[in-house]
>>> print(open('coords-v5.tsv').read())   # TSV, C-alpha atoms and all ligand atoms
chain	number	residue	atom	x	y	z
N	349	MET	CA	15.92	11.97	-3.41
N	350	ILE	CA	15.83	8.23	-2.76
N	351	LEU	CA	13.10	5.99	-4.19
N	352	MET	CA	12.95	3.08	-1.74
N	353	GLY	CA	11.81	0.08	-3.73
N	354	ARG	CA	12.39	-3.64	-3.32
N	355	VAL	CA	14.83	-3.98	-0.46
N	356	SER	CA	15.72	-6.44	2.30
N	357	ARG	CA	13.49	-7.11	5.32
N	358	LYS	CA	16.42	-7.34	7.77
N	359	GLN	CA	16.41	-4.80	10.58
N	360	ALA	CA	20.15	-4.11	10.13
N	361	ASP	CA	19.58	-3.24	6.46
N	362	TRP	CA	16.61	-1.02	7.42
N	363	ASP	CA	18.84	0.82	9.90
N	364	ARG	CA	21.55	1.26	7.26
N	365	ARG	CA	19.02	2.73	4.79
N	366	VAL	CA	17.93	5.25	7.42
N	367	ARG	CA	21.55	6.21	8.13
N	368	PHE	CA	22.27	6.56	4.41
N	369	ALA	CA	19.30	8.89	3.82
N	370	GLU	CA	20.12	10.91	6.92
N	371	ALA	CA	23.81	11.24	6.01
N	372	ILE	CA	23.15	12.55	2.50
N	373	GLY	CA	20.01	14.49	3.47
N	374	ALA	CA	17.83	12.92	0.79
N	375	ALA	CA	14.07	13.08	0.68
N	376	VAL	CA	12.62	9.55	0.66
N	377	LEU	CA	9.64	8.05	-1.08
N	378	SER	CA	8.49	4.47	-0.56
N	379	SER	CA	6.02	2.45	-2.56
N	380	SER	CA	2.74	1.12	-1.23
N	381	ASN	CA	3.24	-1.83	-3.58
N	382	ASP	CA	6.33	-3.09	-1.80
N	383	PRO	CA	7.02	-4.20	1.76
N	384	SER	CA	7.82	-1.39	4.19
N	385	ALA	CA	11.30	-0.12	3.35
N	386	PHE	CA	11.79	3.01	5.46
N	387	PRO	CA	10.02	4.52	8.49
N	388	THR	CA	7.15	6.42	6.92
N	389	THR	CA	6.95	8.76	9.92
N	390	HIS	CA	10.62	9.81	9.48
N	391	PRO	CA	11.05	13.55	8.73
N	392	LEU	CA	12.75	12.69	5.42
N	393	HIS	CA	9.80	10.56	4.25
N	394	ILE	CA	7.97	13.68	3.20
N	395	ALA	CA	5.24	12.38	0.87
N	396	ALA	CA	2.83	9.57	1.74
N	397	PRO	CA	3.70	6.15	0.27
N	398	CYS	CA	2.13	5.54	-3.13
N	399	VAL	CA	2.20	3.44	-6.29
N	400	ARG	CA	0.92	6.10	-8.64
N	401	PRO	CA	2.66	9.27	-7.46
N	402	ASN	CA	0.42	11.57	-5.44
N	403	LYS	CA	0.78	15.35	-5.82
N	404	ALA	CA	3.42	15.68	-3.09
N	405	ALA	CA	5.47	12.84	-4.57
N	406	MET	CA	5.30	14.38	-8.04
N	407	ALA	CA	6.45	17.71	-6.67
N	408	LEU	CA	9.42	16.03	-4.98
N	409	ILE	CA	10.42	14.14	-8.11
N	410	GLU	CA	10.07	17.31	-10.14
N	411	LYS	CA	12.32	19.24	-7.73
N	412	ALA	CA	14.97	16.57	-7.21
N	413	ASP	CA	18.35	17.17	-8.85
N	414	LEU	CA	19.54	13.65	-8.07
N	415	ILE	CA	17.36	10.56	-7.85
N	416	ILE	CA	18.71	7.34	-6.41
N	417	SER	CA	16.38	4.45	-7.14
N	418	LEU	CA	16.85	1.47	-4.85
N	419	ASP	CA	15.16	-1.09	-7.08
N	420	TRP	CA	11.90	0.85	-7.42
N	421	LEU	CA	9.32	-1.28	-9.20
N	422	ASP	CA	8.79	0.32	-12.62
N	423	LEU	CA	11.14	3.28	-12.33
N	424	ALA	CA	10.34	4.38	-15.93
N	425	GLY	CA	6.65	4.40	-15.01
N	426	ILE	CA	6.92	6.69	-11.99
N	427	LEU	CA	9.22	9.05	-13.89
N	428	ARG	CA	6.78	9.20	-16.79
N	429	LEU	CA	3.81	9.84	-14.49
N	430	SER	CA	5.68	12.55	-12.59
N	431	LEU	CA	7.62	14.26	-15.37
N	432	GLY	CA	5.29	13.68	-18.30
N	433	GLU	CA	7.90	11.94	-20.45
N	434	ALA	CA	8.87	8.30	-20.66
N	435	GLN	CA	12.44	8.34	-19.46
N	436	THR	CA	13.28	5.94	-22.29
N	437	GLN	CA	12.51	8.51	-25.01
N	438	LYS	CA	13.45	11.82	-23.48
N	439	PRO	CA	15.63	11.54	-20.40
N	440	ALA	CA	14.84	14.01	-17.63
N	441	ALA	CA	17.24	16.83	-16.90
N	442	LYS	CA	18.39	15.32	-13.64
N	443	THR	CA	20.91	12.75	-12.59
N	444	ILE	CA	19.46	9.30	-12.06
N	445	ILE	CA	21.25	6.46	-10.33
N	446	SER	CA	19.44	3.15	-10.49
N	447	CYS	CA	20.48	0.24	-8.32
N	448	SER	CA	18.67	-2.83	-9.63
N	449	VAL	CA	19.11	-6.18	-11.32
N	450	ASP	CA	16.08	-5.53	-13.53
N	451	ASN	CA	18.36	-5.52	-16.60
N	452	TYR	CA	18.57	-9.29	-16.23
N	453	ARG	CA	14.85	-9.88	-16.55
N	454	THR	CA	13.42	-7.02	-18.58
N	455	ASN	CA	13.62	-7.52	-22.31
N	456	GLY	CA	11.73	-6.67	-25.47
N	457	TRP	CA	9.89	-9.99	-25.72
N	458	SER	CA	6.90	-8.85	-23.68
N	459	MET	CA	5.70	-5.82	-21.75
N	460	ASP	CA	5.23	-7.86	-18.56
N	461	HIS	CA	8.17	-6.22	-16.88
N	462	GLN	CA	7.49	-2.61	-17.93
N	463	ALA	CA	10.16	-0.39	-19.48
N	464	LEU	CA	13.75	0.06	-18.46
N	465	ALA	CA	14.41	3.70	-17.58
N	466	ALA	CA	17.36	5.50	-19.13
N	467	VAL	CA	19.68	6.24	-16.23
N	468	ASP	CA	22.96	8.06	-15.83
N	469	LEU	CA	24.50	5.47	-13.57
N	470	PRO	CA	23.23	1.90	-13.43
N	471	ILE	CA	24.43	-0.10	-10.42
N	472	LEU	CA	23.91	-3.78	-11.12
N	473	ALA	CA	23.56	-4.94	-7.52
N	474	GLU	CA	21.19	-5.70	-4.68
N	475	PRO	CA	20.31	-2.33	-3.10
N	476	ASP	CA	21.29	-3.23	0.45
N	477	GLN	CA	24.79	-4.30	-0.64
N	478	PHE	CA	25.11	-0.96	-2.39
N	479	VAL	CA	23.89	1.00	0.65
N	480	ALA	CA	26.28	-0.83	2.99
N	481	GLN	CA	29.21	-0.04	0.68
N	482	MET	CA	28.10	3.58	0.30
N	483	LEU	CA	28.14	3.99	4.09
N	484	ASP	CA	31.75	2.75	4.10
N	485	VAL	CA	32.79	4.95	1.19
N	486	LEU	CA	31.13	8.01	2.69
N	487	ARG	CA	32.56	7.05	6.11
N	488	VAL	CA	29.16	7.44	7.73
N	489	LYS	CA	29.37	6.98	11.48
N	490	LYS	CA	26.96	4.83	13.48
N	491	THR	CA	24.94	7.86	14.52
N	492	VAL	CA	24.63	10.70	12.08
N	493	GLN	CA	23.27	14.18	12.29
N	494	LEU	CA	20.13	14.37	10.18
N	495	LYS	CA	20.63	16.82	7.33
N	496	MET	CA	17.42	18.57	6.31
N	497	ARG	CA	18.01	20.67	3.25
N	498	PRO	CA	16.39	24.12	3.46
N	499	ALA	CA	14.07	23.35	0.53
N	500	MET	CA	12.81	20.26	2.35
N	501	LYS	CA	12.22	22.08	5.62
N	502	GLN	CA	9.62	24.16	3.86
N	503	LEU	CA	7.63	21.10	2.86
N	504	SER	CA	4.97	19.79	5.15
N	505	HIS	CA	5.36	16.14	6.16
N	506	TRP	CA	2.44	14.00	4.95
N	507	ASN	CA	1.84	12.76	8.47
N	508	ASN	CA	1.31	16.28	9.82
N	509	ALA	CA	-1.10	16.97	7.02
N	510	SER	CA	-3.10	13.80	7.67
N	511	LEU	CA	-3.27	14.50	11.39
N	512	THR	CA	-5.01	17.80	10.73
N	513	VAL	CA	-7.74	15.95	8.84
N	514	PRO	CA	-10.65	15.18	11.15
N	515	PRO	CA	-10.30	11.72	12.71
N	516	ALA	CA	-12.68	8.99	11.67
N	517	LYS	CA	-16.30	9.90	12.22
N	518	ARG	CA	-17.58	7.47	14.77
N	519	GLY	CA	-21.33	7.39	14.27
N	520	GLU	CA	-21.95	7.36	10.54
N	521	PRO	CA	-21.49	4.70	7.88
N	522	MET	CA	-17.76	4.60	7.25
N	523	THR	CA	-15.93	5.85	4.22
N	524	LEU	CA	-12.72	4.04	3.28
N	525	TRP	CA	-10.85	6.97	4.84
N	526	ASP	CA	-12.67	6.50	8.17
N	527	MET	CA	-11.94	2.79	8.09
N	528	ALA	CA	-8.25	3.34	7.27
N	529	MET	CA	-7.82	5.87	10.09
N	530	THR	CA	-9.51	3.48	12.55
N	531	VAL	CA	-7.21	0.64	11.51
N	532	ARG	CA	-4.16	2.94	11.67
N	533	GLU	CA	-5.12	3.96	15.22
N	534	PHE	CA	-5.60	0.32	16.27
N	535	ALA	CA	-2.22	-0.71	14.82
N	536	LYS	CA	-0.39	1.90	16.91
N	537	ALA	CA	-1.18	0.01	20.10
N	538	GLN	CA	0.55	-3.28	19.19
N	539	ALA	CA	2.99	-4.92	16.79
N	540	VAL	CA	0.92	-5.47	13.66
N	541	THR	CA	2.05	-6.85	10.31
N	542	PHE	CA	-0.22	-5.84	7.49
N	543	ALA	CA	0.07	-8.72	5.08
N	544	ARG	CA	-1.99	-6.79	2.55
N	545	LEU	CA	-3.79	-3.48	2.22
N	546	PRO	CA	-6.46	-2.90	-0.40
N	547	ILE	CA	-6.03	-1.02	-3.64
N	548	GLY	CA	-7.73	2.26	-2.66
N	549	TRP	CA	-6.24	2.48	0.86
N	550	PRO	CA	-5.16	6.09	1.50
N	551	GLY	CA	-1.39	6.59	1.67
N	552	GLU	CA	-1.88	8.66	4.83
N	553	ALA	CA	-2.80	5.47	6.68
N	554	TYR	CA	0.56	3.83	5.93
N	555	GLU	CA	2.35	4.31	9.22
N	556	PHE	CA	5.24	1.86	9.16
N	557	GLU	CA	8.08	1.71	11.63
N	558	SER	CA	9.56	-1.71	11.00
N	559	PRO	CA	10.53	-3.88	8.05
N	560	LEU	CA	7.75	-6.21	9.18
N	561	SER	CA	5.02	-3.53	9.33
N	562	PHE	CA	3.83	-4.28	5.80
N	563	MET	CA	4.46	-7.16	3.41
N	564	GLY	CA	3.55	-5.24	0.26
N	565	ASN	CA	1.17	-6.15	-2.49
N	566	ASP	CA	1.84	-8.39	-5.44
N	567	GLY	CA	3.40	-5.93	-7.83
N	568	GLY	CA	0.53	-6.03	-10.30
N	569	GLY	CA	-2.71	-5.75	-8.33
N	570	ALA	CA	-3.91	-9.30	-9.01
N	571	VAL	CA	-7.40	-9.65	-7.54
N	572	GLY	CA	-7.69	-12.90	-5.55
N	573	THR	CA	-4.15	-13.06	-4.19
N	574	GLY	CA	-4.94	-11.24	-0.92
N	575	PRO	CA	-6.27	-14.16	1.14
N	576	GLY	CA	-3.44	-16.51	0.15
N	577	HIS	CA	-0.76	-13.89	0.73
N	578	THR	CA	-2.21	-13.02	4.10
N	579	ILE	CA	-2.20	-16.60	5.26
N	580	GLY	CA	1.31	-17.21	3.93
N	581	ALA	CA	2.57	-14.18	5.85
N	582	ALA	CA	0.73	-15.34	8.98
N	583	LEU	CA	2.37	-18.76	8.68
N	584	ALA	CA	5.81	-17.15	8.44
N	585	LEU	CA	5.06	-14.98	11.50
N	586	LYS	CA	3.33	-17.72	13.50
N	587	ASP	CA	6.00	-17.91	16.18
N	588	SER	CA	6.56	-14.16	16.43
N	589	ASP	CA	4.71	-11.74	18.67
N	590	ARG	CA	3.22	-9.91	15.71
N	591	LEU	CA	-0.47	-9.85	14.86
N	592	THR	CA	-0.89	-10.56	11.14
N	593	ILE	CA	-3.77	-8.73	9.49
N	594	GLY	CA	-4.82	-8.83	5.85
N	595	VAL	CA	-7.06	-5.91	4.92
N	596	LEU	CA	-8.67	-6.96	1.65
N	597	GLY	CA	-11.15	-5.68	-0.90
N	598	ASP	CA	-14.38	-7.67	-1.02
N	599	GLY	CA	-13.62	-8.62	-4.63
N	600	ASP	CA	-10.14	-9.80	-3.69
N	601	TYR	CA	-11.56	-11.78	-0.76
N	602	LEU	CA	-14.29	-13.43	-2.86
N	603	MET	CA	-11.84	-14.59	-5.51
N	604	GLY	CA	-9.50	-16.26	-3.01
N	605	VAL	CA	-11.69	-17.09	-0.02
N	606	SER	CA	-10.89	-20.82	0.05
N	607	ALA	CA	-7.38	-19.94	1.31
N	608	LEU	CA	-9.02	-19.32	4.70
N	609	TRP	CA	-9.62	-23.03	5.02
N	610	SER	CA	-5.85	-23.62	4.86
N	611	ALA	CA	-5.37	-21.27	7.82
N	612	SER	CA	-7.89	-23.26	9.84
N	613	HIS	CA	-6.52	-26.60	8.72
N	614	PHE	CA	-2.94	-25.67	9.63
N	615	ASP	CA	-3.92	-23.78	12.78
N	616	ILE	CA	-2.44	-20.45	11.66
N	617	PRO	CA	-3.45	-17.42	13.77
N	618	VAL	CA	-4.55	-14.57	11.53
N	619	MET	CA	-7.07	-11.75	11.17
N	620	ILE	CA	-8.79	-10.80	7.92
N	621	VAL	CA	-10.67	-7.52	7.59
N	622	VAL	CA	-12.59	-6.81	4.40
N	623	ALA	CA	-13.18	-3.26	3.19
N	624	ASP	CA	-16.61	-4.19	1.89
N	625	ASN	CA	-17.86	-1.66	-0.66
N	626	ARG	CA	-19.98	-4.30	-2.43
N	627	SER	CA	-18.09	-3.72	-5.65
N	628	TYR	CA	-15.01	-4.33	-7.77
N	629	PHE	CA	-14.82	-0.60	-7.27
N	630	ASN	CA	-11.45	0.03	-8.91
N	631	ASP	CA	-12.97	-1.00	-12.22
N	632	GLU	CA	-15.99	1.26	-11.77
N	633	LEU	CA	-13.49	4.10	-12.00
N	634	HIS	CA	-12.00	2.57	-15.15
N	635	GLN	CA	-15.43	2.17	-16.72
N	636	GLU	CA	-16.35	5.73	-15.82
N	637	ARG	CA	-13.18	7.04	-17.48
N	638	VAL	CA	-13.75	5.03	-20.64
N	639	ALA	CA	-17.43	6.08	-20.74
N	640	GLN	CA	-16.36	9.72	-20.64
N	641	MET	CA	-13.86	9.18	-23.46
N	642	ARG	CA	-16.53	7.50	-25.60
N	643	SER	CA	-19.45	9.78	-24.71
N	644	ARG	CA	-21.39	7.02	-22.98
N	645	PRO	CA	-23.36	7.46	-19.74
N	646	PRO	CA	-20.79	7.33	-16.91
N	647	GLN	CA	-23.52	6.50	-14.41
N	648	ASN	CA	-23.53	2.98	-15.89
N	649	ARG	CA	-20.06	2.42	-14.46
N	650	TRP	CA	-21.38	0.04	-11.80
N	651	ILE	CA	-22.67	-2.53	-14.31
N	652	GLY	CA	-20.69	-5.74	-14.09
N	653	GLN	CA	-18.73	-4.42	-11.09
N	654	GLN	CA	-21.27	-4.01	-8.30
N	655	ILE	CA	-21.53	-7.08	-6.05
N	656	ASP	CA	-24.99	-6.50	-4.58
N	657	ASN	CA	-28.61	-7.66	-4.88
N	658	PRO	CA	-28.28	-10.04	-3.27
N	659	ARG	CA	-25.54	-9.01	-0.93
N	660	VAL	CA	-22.93	-11.73	-0.47
N	661	ASP	CA	-22.75	-13.02	3.09
N	662	LEU	CA	-18.99	-12.64	3.56
N	663	VAL	CA	-19.21	-13.58	7.25
N	664	ALA	CA	-20.90	-16.89	6.43
N	665	MET	CA	-18.14	-17.63	3.91
N	666	ALA	CA	-15.46	-17.04	6.55
N	667	ARG	CA	-17.30	-19.12	9.14
N	668	ALA	CA	-17.67	-21.89	6.59
N	669	GLN	CA	-13.85	-22.09	6.44
N	670	GLY	CA	-13.52	-22.27	10.23
N	671	PHE	CA	-13.03	-18.58	11.16
N	672	ASP	CA	-14.66	-16.81	14.11
N	673	SER	CA	-16.58	-13.70	13.17
N	674	GLU	CA	-19.41	-11.36	14.10
N	675	ALA	CA	-22.11	-9.36	12.33
N	676	PRO	CA	-20.79	-6.83	9.76
N	677	VAL	CA	-19.71	-3.48	11.22
N	678	SER	CA	-20.53	-0.17	9.57
N	679	THR	CA	-19.19	2.54	11.89
N	680	SER	CA	-15.67	3.35	13.06
N	681	ALA	CA	-16.64	2.76	16.70
N	682	GLU	CA	-17.97	-0.72	15.89
N	683	LEU	CA	-14.89	-1.50	13.83
N	684	ALA	CA	-12.56	-0.40	16.65
N	685	ARG	CA	-14.35	-2.76	19.05
N	686	ALA	CA	-14.33	-5.63	16.55
N	687	LEU	CA	-10.57	-5.21	15.99
N	688	LYS	CA	-9.97	-5.52	19.75
N	689	ARG	CA	-12.15	-8.64	20.00
N	690	GLY	CA	-10.36	-10.14	17.01
N	691	ALA	CA	-6.91	-9.32	18.37
N	692	ASP	CA	-7.69	-11.24	21.60
N	693	ILE	CA	-8.85	-14.29	19.67
N	694	VAL	CA	-5.83	-14.25	17.37
N	695	ALA	CA	-3.46	-13.74	20.33
N	696	ASN	CA	-4.86	-17.02	21.66
N	697	GLY	CA	-4.06	-18.78	18.40
N	698	GLY	CA	-7.41	-18.26	16.63
N	699	ARG	CA	-8.61	-16.80	13.35
N	700	TYR	CA	-10.94	-13.82	13.09
N	701	PHE	CA	-12.86	-12.27	10.24
N	702	ILE	CA	-14.39	-8.78	10.14
N	703	ASP	CA	-16.73	-7.57	7.43
N	704	SER	CA	-16.27	-3.80	7.50
N	705	LEU	CA	-18.95	-2.10	5.40
N	706	VAL	CA	-17.73	1.06	3.71
N	707	GLN	CA	-19.39	3.48	1.35
N	708	PRO	CA	-18.20	2.97	-2.23
N	709	GLY	CA	-15.48	5.47	-3.16
N	710	TYR	CA	-11.73	5.86	-2.65
N	711	ALA	CA	-10.25	8.59	-0.51
N	712	ASP	CA	-9.18	10.61	-3.53
N	713	SER	CA	-12.05	9.77	-5.88
N	714	GLY	CA	-14.62	12.01	-4.24
N	715	PRO	CA	-18.01	11.10	-2.87
N	716	ASP	CA	-19.79	8.27	-4.56
N	717	GLN	CA	-22.12	9.34	-7.32
N	718	ARG	CA	-23.84	6.01	-7.58
N	719	ALA	CA	-26.65	6.39	-5.08
N	720	GLY	CA	-29.85	7.17	-6.93
N	721	GLN	CA	-28.20	6.94	-10.33
N	722	ALA	CA	-28.37	3.18	-10.59
N	723	LYS	CA	-32.15	3.31	-10.84
N	724	LYS	CA	-32.08	6.03	-13.49
N	725	ALA	CA	-29.56	4.05	-15.54
N	801	LIG	C1	-7.32	-11.45	-11.56
N	801	LIG	C2	-7.72	-10.02	-11.79
N	801	LIG	N1	-8.93	-9.74	-12.29
N	801	LIG	C3	-9.29	-8.45	-12.51
N	801	LIG	C4	-8.42	-7.43	-12.24
N	801	LIG	C5	-8.83	-5.98	-12.48
N	801	LIG	N2	-9.13	-5.36	-11.18
N	801	LIG	C6	-8.20	-4.62	-10.52
N	801	LIG	S1	-8.77	-4.03	-9.07
N	801	LIG	C7	-10.29	-4.75	-9.32
N	801	LIG	C8	-11.38	-4.58	-8.31
N	801	LIG	C9	-11.03	-5.15	-7.00
N	801	LIG	O1	-12.16	-5.14	-6.17
N	801	LIG	P1	-11.98	-5.14	-4.60
N	801	LIG	O2	-10.97	-6.15	-4.21
N	801	LIG	O3	-13.31	-5.25	-3.99
N	801	LIG	O4	-11.34	-3.72	-4.30
N	801	LIG	P2	-12.03	-2.28	-4.45
N	801	LIG	O5	-11.51	-1.69	-5.73
N	801	LIG	O6	-13.51	-2.45	-4.44
N	801	LIG	O7	-11.56	-1.52	-3.25
N	801	LIG	C10	-10.32	-5.44	-10.52
N	801	LIG	C11	-11.48	-6.20	-11.04
N	801	LIG	C12	-7.17	-7.76	-11.71
N	801	LIG	N3	-6.28	-6.82	-11.37
N	801	LIG	N4	-6.83	-9.06	-11.48
N	802	MG	MG	-14.62	-3.83	-3.39
>>> encode(input="coords-v5.tsv", output="structure tokens")
Amino acid sequence: MILMGRVSRKQADWDRRVRFAEAIGAAVLSSSNDPSAFPTTHPLHIAAPCVRPNKAAMALIEKADLIISLDWLDLAGILRLSLGEAQTQKPAAKTIISCSVDNYRTNGWSMDHQALAAVDLPILAEPDQFVAQMLDVLRVKKTVQLKMRPAMKQLSHWNNASLTVPPAKRGEPMTLWDMAMTVREFAKAQAVTFARLPIGWPGEAYEFESPLSFMGNDGGGAVGTGPGHTIGAALALKDSDRLTIGVLGDGDYLMGVSALWSASHFDIPVMIVVADNRSYFNDELHQERVAQMRSRPPQNRWIGQQIDNPRVDLVAMARAQGFDSEAPVSTSAELARALKRGADIVANGGRYFIDSLVQPGYADSGPDQRAGQAKKA
């Protein structure tokens, strides 16, 4: 199994990584924290991209006899989450090769850089140098026959599984899942670079076929970096034919909204779409978990996190920085139309903002329990 972490954005390196995985017949996992590293629709990319391993990713890691980490961010962390043991204390009964220069920056002075995993074979190198040399050593030809190991053939590809899920409901208020599926559908029709995707975005919506499909997040989940990152990516891609979109949480947007002014000032074409659940929702889940541990009422989880009453006029804030926009959308059909309108404006050099209202709740966190409970609390 290969853990595709922080790797190069060059197309030639991307192609070499695909050939390497195909030649050795390794299952691949990529991280939704990092820029796109491997075609997520490839038959070897069996589990949906993730930061915290989803069930399918855990099962793969559990089954793997050999794990090759290509500079995965926090290798010890994903091994601990999947195998139940910090690799540093009790190494897993599998062979682990880790290609990374993390040893240079991780030390005992602080925990900022996470733990260093115990590995069988450390390769102190940039992953794409290593892959290129491996192709030479293994004498891998330009076109290789894809090896699918029998055990892997039995596993269902995440993409097949997500396609059997009903498509976005078009008439009702959107869930984050509906929104993500609508955006995924839109992005199939043209060359899109997602500068950012929000924290609860379902892995099944990560459909990446180029090193420029996704720029990754910031490695730590810093709220407020989304607008600035989006505009930086749009500046870098200004002269390309790609449409740069930042899909942001409303909290992330609110903490960094003044970056939009820079896009207007420097005439940078870009689209920003906010998944507007009127909340710092991620932390509602934290507060709920802590409330349960401390026998406090979990229905109070929204306090200090909900961004409502009054509702913030996100559209007005975007317009105030020089963006075009329209009234907030709350159904998949409206969102699909807004994305098309925005794409035309951005193709002509403009900037477009969409406030996409979604029901609070992540794809895997179940239906929101908040409605009706806020009053009781
Ligand atoms: C600077 C900073 N403040 C607080 C946090 C903790 N935090 C992580 S996610 C999150 C909520 C983000 O809200 P939003 O962008 O609206 O995304 P949502 O979870 O609602 O989808 C918070 C407060 C953080 N990571 N960084
Ligand atoms: Mg939010």
>>> residues_near_ligand(input="coords-v5.tsv", ligand="ligand LIG 801 (chain N)", cutoff="9 Å", atoms="all atoms listed in the file", output="number ranges by chain")
N: 524, 546-549, 568-574, 596-603, 622-633, 653-655, 708-710
>>> closest_residue(input="coords-v5.tsv", among="N:Ala441, N:Ala374, N:Met619, N:Leu585", to="N:Lys501", atoms="only C-alpha atoms")
N:Ala374
>>> closest_residue(input="coords-v5.tsv", among="N:Ala396, N:Asp656, N:Ala686, N:Ala639", to="ligand MG 802 (chain N)", atoms="all atoms listed in the file")
N:Asp656
>>> atom_distance(input="coords-v5.tsv", atom1="atom CA of N:Ala405", atom2="atom CA of N:Ser430")
8.0 Å
>>> residues_around(input="coords-v5.tsv", residues="N:Ile350", least_positions_apart="4", cutoff="12 Å", atoms="only C-alpha atoms", output="JSON, numbers by chain")
{"N": [365, 366, 368, 369, 370, 372, 373, 374, 375, 376, 377, 378, 379, 385, 386, 392, 393, 394, 395, 405, 408, 409, 412, 413, 414, 415, 416, 417, 418, 419, 420, 423, 443, 444, 445, 446, 447, 475, 479]}
>>> closest_residue(input="coords-v5.tsv", among="N:Val660, N:Val492, N:Leu583, N:Ile702", to="N:Pro676", atoms="all atoms listed in the file")
N:Ile702
>>> atom_distance(input="coords-v5.tsv", atom1="atom CA of N:Asp361", atom2="atom CA of N:Ile426")
24.5 Å
>>> residues_around(input="coords-v5.tsv", residues="N:Glu552", least_positions_apart="6", cutoff="7 Å", atoms="all atoms listed in the file", output="list in words")
Ala396, Trp506, Asn507 and Ser510 of chain N
>>> atom_distance(input="coords-v5.tsv", atom1="atom CA of N:Gly670", atom2="atom CA of N:Val694")
13.2 Å
>>> residues_around(input="coords-v5.tsv", residues="stretch 448-452 of chain N", least_positions_apart="3", cutoff="12 Å", atoms="only C-alpha atoms", output="PyMOL selection string")
chain N and resi 351-355+416-424+445+455-456+461-467+469-478
>>> closest_residue(input="coords-v5.tsv", among="N:Gly576, N:Gly698, N:Pro391, N:Gly567", to="N:Lys495", atoms="all atoms listed in the file")
N:Pro391
>>> closest_residue(input="coords-v5.tsv", among="N:Ala539, N:Met641, N:Pro559, N:Val621", to="N:Ser704", atoms="all atoms listed in the file")
N:Val621
>>> closest_residue(input="coords-v5.tsv", among="N:Ala553, N:Ala360, N:Leu560, N:Leu705", to="N:Lys490", atoms="only C-alpha atoms")
N:Ala360
>>> residues_around(input="coords-v5.tsv", residues="N:Tyr700", least_positions_apart="6", cutoff="8 Å", atoms="all atoms listed in the file", output="count of residues only")
9
>>> residues_around(input="coords-v5.tsv", residues="N:Glu520", least_positions_apart="3", cutoff="9 Å", atoms="all atoms listed in the file", output="list in words")
Lys517, Thr523, Ser678, Thr679 and Ser680 of chain N
>>> build_atoms(input="coords-v5.tsv", residues="stretch 670-679 of chain N", atoms="N, CA, C and O atoms", output="short mmCIF file (atom, residue, chain, number, x, y, z; two decimals), keeping the file's coordinate frame")
data_model
loop_
_atom_site.label_atom_id
_atom_site.label_comp_id
_atom_site.auth_asym_id
_atom_site.auth_seq_id
_atom_site.Cartn_x
_atom_site.Cartn_y
_atom_site.Cartn_z
N GLY N 670 -14.04 -22.06 8.88
CA GLY N 670 -13.52 -22.27 10.23
C GLY N 670 -13.07 -21.02 10.97
O GLY N 670 -12.41 -21.13 12.00
N PHE N 671 -13.41 -19.82 10.47
CA PHE N 671 -13.03 -18.58 11.16
C PHE N 671 -14.11 -18.16 12.15
O PHE N 671 -15.30 -18.41 11.92
N ASP N 672 -13.70 -17.50 13.24
CA ASP N 672 -14.66 -16.81 14.11
C ASP N 672 -15.00 -15.48 13.46
O ASP N 672 -14.16 -14.89 12.77
N SER N 673 -16.21 -14.99 13.74
CA SER N 673 -16.58 -13.70 13.17
C SER N 673 -17.74 -13.12 13.96
O SER N 673 -18.12 -13.64 15.01
N GLU N 674 -18.27 -12.02 13.47
CA GLU N 674 -19.41 -11.36 14.10
C GLU N 674 -20.19 -10.66 12.99
O GLU N 674 -19.76 -10.67 11.83
N ALA N 675 -21.31 -10.04 13.34
CA ALA N 675 -22.11 -9.36 12.33
C ALA N 675 -21.29 -8.23 11.69
O ALA N 675 -20.42 -7.65 12.34
N PRO N 676 -21.55 -7.91 10.42
CA PRO N 676 -20.79 -6.83 9.76
C PRO N 676 -20.84 -5.52 10.56
O PRO N 676 -21.86 -5.23 11.19
N VAL N 677 -19.75 -4.77 10.51
CA VAL N 677 -19.71 -3.48 11.22
C VAL N 677 -19.79 -2.36 10.17
O VAL N 677 -19.31 -2.52 9.05
N SER N 678 -20.42 -1.24 10.56
CA SER N 678 -20.53 -0.17 9.57
C SER N 678 -20.14 1.20 10.12
O SER N 678 -20.22 2.19 9.40
N THR N 679 -19.69 1.26 11.37
CA THR N 679 -19.19 2.54 11.89
C THR N 679 -17.78 2.32 12.45
O THR N 679 -17.39 1.20 12.77
#
